[in-house]
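The structure appears right after this line, and notes come after that.
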Protein chains: 4
Amino acid sequence: MEPWRTALATSDATNIWIRGYDIASLMQRATFVDTIFLLHQGRLPDKNERRMLDAILISVADHGAGAPSCATARLVASGNRQSLSAAIAAGILAIGDEHGGAGSLCMEMIDSGVQRARAEKISLKDAAEYAIEEAKAKKTRLPGLGHRVHSEDPRKDVLFNMARECGLAKEGVAFLELAEVAVREKIKPLPINVDGALAAVLYDLGFPPAAGKLFFIVGRVAGLTAEVAEEYAREKAMRIRIPVQYDGEPPRELP
Amino acid sequence: MEPWRTALATSDATNIWIRGYDIASLMQRATFVDTIFLLHQGRLPDKNERRMLDAILISVADHGAGAPSCATARLVASGNRQSLSAAIAAGILAIGDEHGGAGSLCMEMIDSGVQRARAEKISLKDAAEYAIEEAKAKKTRLPGLGHRVHSEDPRKDVLFNMARECGLAKEGVAFLELAEVAVREKIKPLPINVDGALAAVLYDLGFPPAAGKLFFIVGRVAGLTAEVAEEYAREKAMRIRIPVQYDGEPPRELP
Amino acid sequence: MEPWRTALATSDATNIWIRGYDIASLMQRATFVDTIFLLHQGRLPDKNERRMLDAILISVADHGAGAPSCATARLVASGNRQSLSAAIAAGILAIGDEHGGAGSLCMEMIDSGVQRARAEKISLKDAAEYAIEEAKAKKTRLPGLGHRVHSEDPRKDVLFNMARECGLAKEGVAFLELAEVAVREKIKPLPINVDGALAAVLYDLGFPPAAGKLFFIVGRVAGLTAEVAEEYAREKAMRIRIPVQYDGEPPRELP
Amino acid sequence: MEPWRTALATSDATNIWIRGYDIASLMQRATFVDTIFLLHQGRLPDKNERRMLDAILISVADHGAGAPSCATARLVASGNRQSLSAAIAAGILAIGDEHGGAGSLCMEMIDSGVQRARAEKISLKDAAEYAIEEAKAKKTRLPGLGHRVHSEDPRKDVLFNMARECGLAKEGVAFLELAEVAVREKIKPLPINVDGALAAVLYDLGFPPAAGKLFFIVGRVAGLTAEVAEEYAREKAMRIRIPVQYDGEPPRELP
């Protein structure tokens, strides 16, 4: 078998390097969030970029024990007390396009809109209106717009204000705000939610669409570890059995 | 079904609170590592505690694409390109007592030694020697001591020096250093490795033994997300097939 | 890297062999359950052994959507509709010593008892009484005895009667029945449950203790696939949010 | 929380019913494969349907330790010896559209072709040619056609011959054979592979497209449990470290 190729990390008998930087130096002079940025972008963030990524990861760290990812981790901790890894991993598996993944889809929408504006030499406003018209015609969802739980999400304003203060709000933030206006005019008010806000900012930080989901996972793992630790500390194994109503075939004899 | 109990996070239509702190405030004034500490300890860390936890999480963030957790995530990314979550989750499943879990076992050994010293009113040195004698008699492994890959691990010195500078090196660090001396005298030289170093420091920061494994997972997820992103970006699906040598029954006829 | 060794399966450009048997022949002349037995034991079962393994796998195939493994698979299907694998895998992660794993622990207890009887040349009855006395003294659970859900489990009688009819009830069944008598006399009535019944029969079929958990997984995957298919067919994504009661810190200001 | 709805299984204090049939009766009079069919279709199979499903599940049960699903399960067993479930679950996570999932995609192609023939009142041959022309124009893959490993797959002939003998070969088998002819004429020879064969037969048995992936998982779990059991029995923990070649940034100083 050919060795696998990687540009992320290497080591010898006495050293480990992450993207070329000695891990001992990183431990002494960088933060964990710097290292996350470094792993994904190949360079260290500046002060403002670090601040934005910190805020993004905090924004998704936990959302209560009943959120699908947290509840899944707890159910596994209830049935299987031999493996902390199993409970955390199961929690991550509950993260998909429907839960925690809208950021990636929104980054794709932003990227597609910004590319169109450049390619067709139209304004971002026109590109945003085009995206909304298209979604309306095809009856597709608009990822990052509209709220499932919160009627207004305080996390969005924090992220966008911080991005502006830091001079990091660029085409991603601009496009999504224009899309929010267009959707209100053409369909109905669908305010930018936290998935949209982190998508726009991650886009402006130079990350590819997959980062929307990957950074949701990084942030949420903080919460999942705490959820599982609390389940072990406060609850007995097998405490959880979900109530079910059977509506299938009544009892019958085998043929 | 009774509602599940939790003291970690709650939310209403417009707010989310983590351990009582408004998430918008945390995003503006805290770091992601502060939030991790907060979720697990119920209080924010001071500057020195934050610095230690940053260093611990960096120390385990990645160790090359061939480490079991990273290789597992890549194998799943090779066979299943529909779910980033599946690849990250599989990488976490490879973390157990053997890979990434020695920190938890070492924290249990430290805790047991420190408890013994208190209960029996003996010195930490005597308790450390007792622990080594016991492991020698029972022929059990000494978690956190000895190196699989690195003959000497630079991460250990960084963590212990930083803990001393920060005034955070307490009984955990002391006990493990005494155990390292005792093992050299009674068995053979087995230097403290990174699992042992982070175990001693996490113990002195007030975390329970499970934290050894849980914080390894939090740190490693940073690397796993980058490993999976690199696999998607650089490699085709189904590129990996591990070479196998069959040594079982030769071809035979069904009875 | 050295090739990995295996005695299970091999293939060339035109054939696949399982334990030496051509897969085309197996497909034509064997059942799936024969193949499961073959993979684990290296030989095909006879008619009675097949019948027993069929009954064991059916006995654990499903237990309602609220069982931890089934509920976990559904939660993941609710949050992540991109990956059927993720939902099934999460369901399996909920299987541990507490849910679905008691069979393995019971097989260890049986094995230990039978070994003791042989080594110490005592009767199985004495060995069973010894095991119960020991569990009573150490206050440990008796895996395979006692019921969580069913006051009496019809699956136990089916398995034991079938084992007797098939001439396959040996030391495993005998030991567990003696243990049931001993526990009633020395502690309290704790009837053999389905985990115990399949453990005794798998032991008598010559499987090692891990088989208790592994065959629970094989059987339950049948149910998990149907649970996930039903969730996709009948329910919308993100339908599930578990109710939670927060009992932690009230809202407070950041320091 | 509203109880969850299900038509699969229910139980009371002394009984469990699967699709209305008492589990004790199923254990006595049905096979495991009957129960799998029952869970998914709501009725028991006849003799021929059972025989086909047995053959399908055997055909994918194992393909050597180096296949992505098997290798993933072994890697996890190497790093984490606390949880059999974790290793099996990780193996399942490696199953996606690229590995084990082509059957589902092929069932979708078949279904789309058969629907088109009915809707447009054209022959299956014309519908098959249309599907091939379309794939050629869009340069999309043809799931179920062409071989990655085997130049000719013996499992395909077994499944199709058996389906014919059993009188179960219908539009699915016919459509895929017509597609094989059309692809040879219009593109290049791409013989039907095992994914295609099981897709056509599952389609003719009345299963929906998801069944292609779900039954691959059910079959492969038989192999995964044996792979993990062999890894535990024959190999030490942490034996596996994949060789890696680093091609990233050379060592550099932190700014």
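Every chain in the structure tokens takes a letter, A first, then B, and so on in the order presented; its residues are numbered from 1, and the ligands are numbered from 1 following the presented order.
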Using only C-alpha atoms, what does the table of chain D residues within 6 Å of chain B look like, with each row giving the shortest atom pair and its distance in Å to one decimal, sorted by chain and ascending number, as CSV?
residue,atom,partner,partner_atom,distance
D:Gly66,CA,B:Ile242,CA,4.4
D:Ala67,CA,B:Arg241,CA,5.9
D:Thr72,CA,B:Thr72,CA,5.7
D:Val76,CA,B:Ala94,CA,4.2
D:Gly79,CA,B:His99,CA,4.9
D:Asn80,CA,B:Gly96,CA,3.9
D:Ala86,CA,B:Leu93,CA,5.7
D:Ala90,CA,B:Ala90,CA,5.0
D:Leu93,CA,B:Ala86,CA,5.7
D:Ala94,CA,B:Val76,CA,4.2
D:Ile95,CA,B:Asn80,CA,5.6
D:Gly96,CA,B:Asn80,CA,4.0
D:Glu98,CA,B:Gly79,CA,5.3
D:His99,CA,B:Gly79,CA,4.9
D:Arg241,CA,B:Gly66,CA,5.5
D:Ile242,CA,B:Gly66,CA,4.4
D:Pro243,CA,B:Gly66,CA,5.9
D:Val244,CA,B:Gly66,CA,5.9
Resulting file, chosen residues, C-alpha atoms, as a PDB file, in the first residue's frame:
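The new file again_7.pdb reads:
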ATOM      1  CA  GLY D  66      -9.446  -4.852   3.559  1.00  0.00           C
ATOM      2  CA  ALA D  67     -12.842  -3.669   2.356  1.00  0.00           C
ATOM      3  CA  THR D  72     -12.768   0.576   9.590  1.00  0.00           C
ATOM      4  CA  VAL D  76     -11.616   0.972  15.809  1.00  0.00           C
ATOM      5  CA  GLY D  79      -7.758   1.713  19.290  1.00  0.00           C
ATOM      6  CA  ASN D  80     -10.795   1.064  21.466  1.00  0.00           C
ATOM      7  CA  ALA D  86     -18.205   1.065  18.567  1.00  0.00           C
ATOM      8  CA  ALA D  90     -17.809   2.459  12.681  1.00  0.00           C
ATOM      9  CA  LEU D  93     -20.427   4.296   8.855  1.00  0.00           C
ATOM     10  CA  ALA D  94     -18.032   3.424   6.011  1.00  0.00           C
ATOM     11  CA  ILE D  95     -21.033   2.259   3.994  1.00  0.00           C
ATOM     12  CA  GLY D  96     -22.270   4.999   1.659  1.00  0.00           C
ATOM     13  CA  GLU D  98     -19.471   4.669  -2.852  1.00  0.00           C
ATOM     14  CA  HIS D  99     -19.200   1.495  -0.730  1.00  0.00           C
ATOM     15  CA  ARG D 241      -0.684   2.543  12.307  1.00  0.00           C
ATOM     16  CA  ILE D 242      -1.176   3.511   8.671  1.00  0.00           C
ATOM     17  CA  PRO D 243       1.996   4.737   6.885  1.00  0.00           C
ATOM     18  CA  VAL D 244       1.832   8.394   5.902  1.00  0.00           C
TER      19      VAL D 244
END
*asked:* Can you pull out the residues contacting region 209-211 of chain C? Cut-off 9 Å, using only C-alpha atoms, and skip same-chain residues under 3 positions away; I want them as a PyMOL selection string.
replied: (chain C and resi 40+103-108+111+199+202-203+214-216) or (chain D and resi 84+225+229)
For the residues in that selection, give me all heavy atoms as a short mmCIF file (atom, residue, chain, number, x, y, z; two decimals), in the first residue's frame.
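Once written, selection_16.cif looks like this:
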data_model
loop_
_atom_site.label_atom_id
_atom_site.label_comp_id
_atom_site.auth_asym_id
_atom_site.auth_seq_id
_atom_site.Cartn_x
_atom_site.Cartn_y
_atom_site.Cartn_z
N HIS C 40 -18.49 -17.19 12.15
CA HIS C 40 -18.05 -17.14 13.54
C HIS C 40 -17.42 -18.44 14.03
O HIS C 40 -16.60 -18.43 14.94
CB HIS C 40 -19.21 -16.73 14.46
CG HIS C 40 -19.47 -15.27 14.44
ND1 HIS C 40 -18.87 -14.40 15.30
CD2 HIS C 40 -20.22 -14.50 13.61
CE1 HIS C 40 -19.25 -13.16 15.04
NE2 HIS C 40 -20.08 -13.19 14.01
N GLY C 103 -26.24 -10.54 27.81
CA GLY C 103 -25.93 -11.89 27.33
C GLY C 103 -24.44 -12.21 27.42
O GLY C 103 -24.05 -13.29 27.86
N SER C 104 -23.60 -11.27 27.03
CA SER C 104 -22.16 -11.49 27.11
C SER C 104 -21.71 -11.67 28.56
O SER C 104 -20.93 -12.56 28.87
CB SER C 104 -21.40 -10.31 26.49
OG SER C 104 -21.33 -10.44 25.09
N LEU C 105 -22.22 -10.82 29.44
CA LEU C 105 -21.84 -10.93 30.85
C LEU C 105 -22.32 -12.25 31.42
O LEU C 105 -21.62 -12.90 32.21
CB LEU C 105 -22.44 -9.76 31.64
CG LEU C 105 -22.01 -8.36 31.16
CD1 LEU C 105 -22.77 -7.29 31.95
CD2 LEU C 105 -20.50 -8.17 31.33
N CYS C 106 -23.51 -12.70 31.02
CA CYS C 106 -24.04 -13.97 31.51
C CYS C 106 -23.21 -15.13 30.98
O CYS C 106 -22.95 -16.10 31.71
CB CYS C 106 -25.50 -14.10 31.10
SG CYS C 106 -26.31 -15.57 31.74
N MET C 107 -22.76 -15.03 29.73
CA MET C 107 -21.90 -16.10 29.19
C MET C 107 -20.58 -16.17 29.96
O MET C 107 -20.04 -17.27 30.18
CB MET C 107 -21.62 -15.86 27.70
CG MET C 107 -22.82 -16.15 26.81
SD MET C 107 -22.52 -15.81 25.04
CE MET C 107 -21.68 -17.33 24.55
N GLU C 108 -20.08 -15.02 30.40
CA GLU C 108 -18.87 -15.04 31.23
C GLU C 108 -19.13 -15.72 32.57
O GLU C 108 -18.31 -16.49 33.06
CB GLU C 108 -18.35 -13.61 31.45
CG GLU C 108 -17.68 -13.04 30.21
CD GLU C 108 -17.38 -11.55 30.32
OE1 GLU C 108 -17.55 -10.98 31.41
OE2 GLU C 108 -17.01 -10.96 29.28
N ASP C 111 -19.45 -19.44 31.89
CA ASP C 111 -18.13 -20.01 31.59
C ASP C 111 -17.31 -20.16 32.86
O ASP C 111 -16.68 -21.19 33.10
CB ASP C 111 -17.41 -19.11 30.59
CG ASP C 111 -16.13 -19.74 30.08
OD1 ASP C 111 -16.16 -20.94 29.74
OD2 ASP C 111 -15.10 -19.05 30.03
N ALA C 199 -27.83 -16.44 26.20
CA ALA C 199 -26.46 -16.66 26.65
C ALA C 199 -26.20 -18.15 26.88
O ALA C 199 -25.20 -18.70 26.42
CB ALA C 199 -26.20 -15.88 27.95
N LEU C 202 -26.21 -19.95 23.44
CA LEU C 202 -25.01 -19.64 22.65
C LEU C 202 -23.78 -20.32 23.26
O LEU C 202 -22.90 -20.81 22.55
CB LEU C 202 -24.77 -18.11 22.59
CG LEU C 202 -25.71 -17.34 21.64
CD1 LEU C 202 -25.50 -15.83 21.81
CD2 LEU C 202 -25.48 -17.73 20.18
N TYR C 203 -23.73 -20.36 24.59
CA TYR C 203 -22.63 -21.06 25.25
C TYR C 203 -22.63 -22.54 24.86
O TYR C 203 -21.59 -23.10 24.50
CB TYR C 203 -22.74 -20.91 26.77
CG TYR C 203 -21.61 -21.56 27.51
CD1 TYR C 203 -20.41 -20.89 27.70
CD2 TYR C 203 -21.72 -22.85 28.01
CE1 TYR C 203 -19.34 -21.49 28.37
CE2 TYR C 203 -20.67 -23.47 28.67
CZ TYR C 203 -19.48 -22.77 28.85
OH TYR C 203 -18.43 -23.38 29.50
N LEU C 214 -22.47 -9.61 20.19
CA LEU C 214 -22.38 -9.54 18.72
C LEU C 214 -23.66 -10.05 18.05
O LEU C 214 -24.13 -9.48 17.08
CB LEU C 214 -21.16 -10.33 18.23
CG LEU C 214 -19.81 -9.71 18.61
CD1 LEU C 214 -18.67 -10.65 18.22
CD2 LEU C 214 -19.61 -8.34 17.95
N PHE C 215 -24.24 -11.14 18.58
CA PHE C 215 -25.47 -11.65 17.96
C PHE C 215 -26.67 -10.79 18.32
O PHE C 215 -27.63 -10.71 17.56
CB PHE C 215 -25.68 -13.13 18.31
CG PHE C 215 -24.71 -14.03 17.59
CD1 PHE C 215 -24.21 -15.18 18.19
CD2 PHE C 215 -24.27 -13.72 16.31
CE1 PHE C 215 -23.31 -16.00 17.53
CE2 PHE C 215 -23.36 -14.54 15.64
CZ PHE C 215 -22.88 -15.68 16.24
N PHE C 216 -26.64 -10.14 19.49
CA PHE C 216 -27.68 -9.15 19.76
C PHE C 216 -27.63 -8.07 18.68
O PHE C 216 -28.66 -7.64 18.16
CB PHE C 216 -27.51 -8.52 21.14
CG PHE C 216 -28.64 -7.58 21.51
CD1 PHE C 216 -29.73 -8.03 22.22
CD2 PHE C 216 -28.62 -6.25 21.11
CE1 PHE C 216 -30.79 -7.17 22.53
CE2 PHE C 216 -29.66 -5.38 21.42
CZ PHE C 216 -30.75 -5.85 22.13
N LEU D 84 -17.42 -3.31 21.71
CA LEU D 84 -17.69 -4.01 20.45
C LEU D 84 -18.63 -3.20 19.58
O LEU D 84 -18.47 -3.14 18.36
CB LEU D 84 -18.32 -5.38 20.74
CG LEU D 84 -17.42 -6.43 21.39
CD1 LEU D 84 -18.26 -7.56 21.96
CD2 LEU D 84 -16.42 -6.98 20.38
N THR D 225 -19.19 -8.41 12.45
CA THR D 225 -19.07 -9.02 13.78
C THR D 225 -17.95 -10.05 13.80
O THR D 225 -17.20 -10.15 14.78
CB THR D 225 -20.40 -9.68 14.23
OG1 THR D 225 -20.84 -10.58 13.20
CG2 THR D 225 -21.47 -8.64 14.50
N ALA D 229 -14.48 -9.88 15.94
CA ALA D 229 -14.15 -11.00 16.82
C ALA D 229 -12.75 -11.54 16.49
O ALA D 229 -11.96 -11.86 17.39
CB ALA D 229 -15.19 -12.11 16.69
#
*asked:* I'd like the interatomic distance between CA of Glu177 (chain B) and CA of Gly144 (chain B), to a tenth of an Å.
replied: 10.9 Å
*Could you tell me how far CA of Val158 (chain D) lies from CA of Pro45 (chain D), in Å and to one decimal?*
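That distance, rounded to one decimal, is 19.7 Å.
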_My list of candidates is D:Glu129, D:Ala200, D:Arg220, D:Leu38. Which is closest to Leu178 (chain D) when distances are computed with only C-alpha atoms?_
D:Glu129
*Contact residues around Glu152 (chain C) with only C-alpha atoms at 8 Å, ignoring same-chain residues under 3 positions, as a PyMOL selection string*: (chain C and resi 147+191+193) or (chain D and resi 13-14)
*In Å, rounded to a single decimal, give me how far CA of Pro251 (chain B) is from CA of Ile16 (chain C).*
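Pair CA of Ile16 (chain C) / CA of Pro251 (chain B) returns 9.9 Å.
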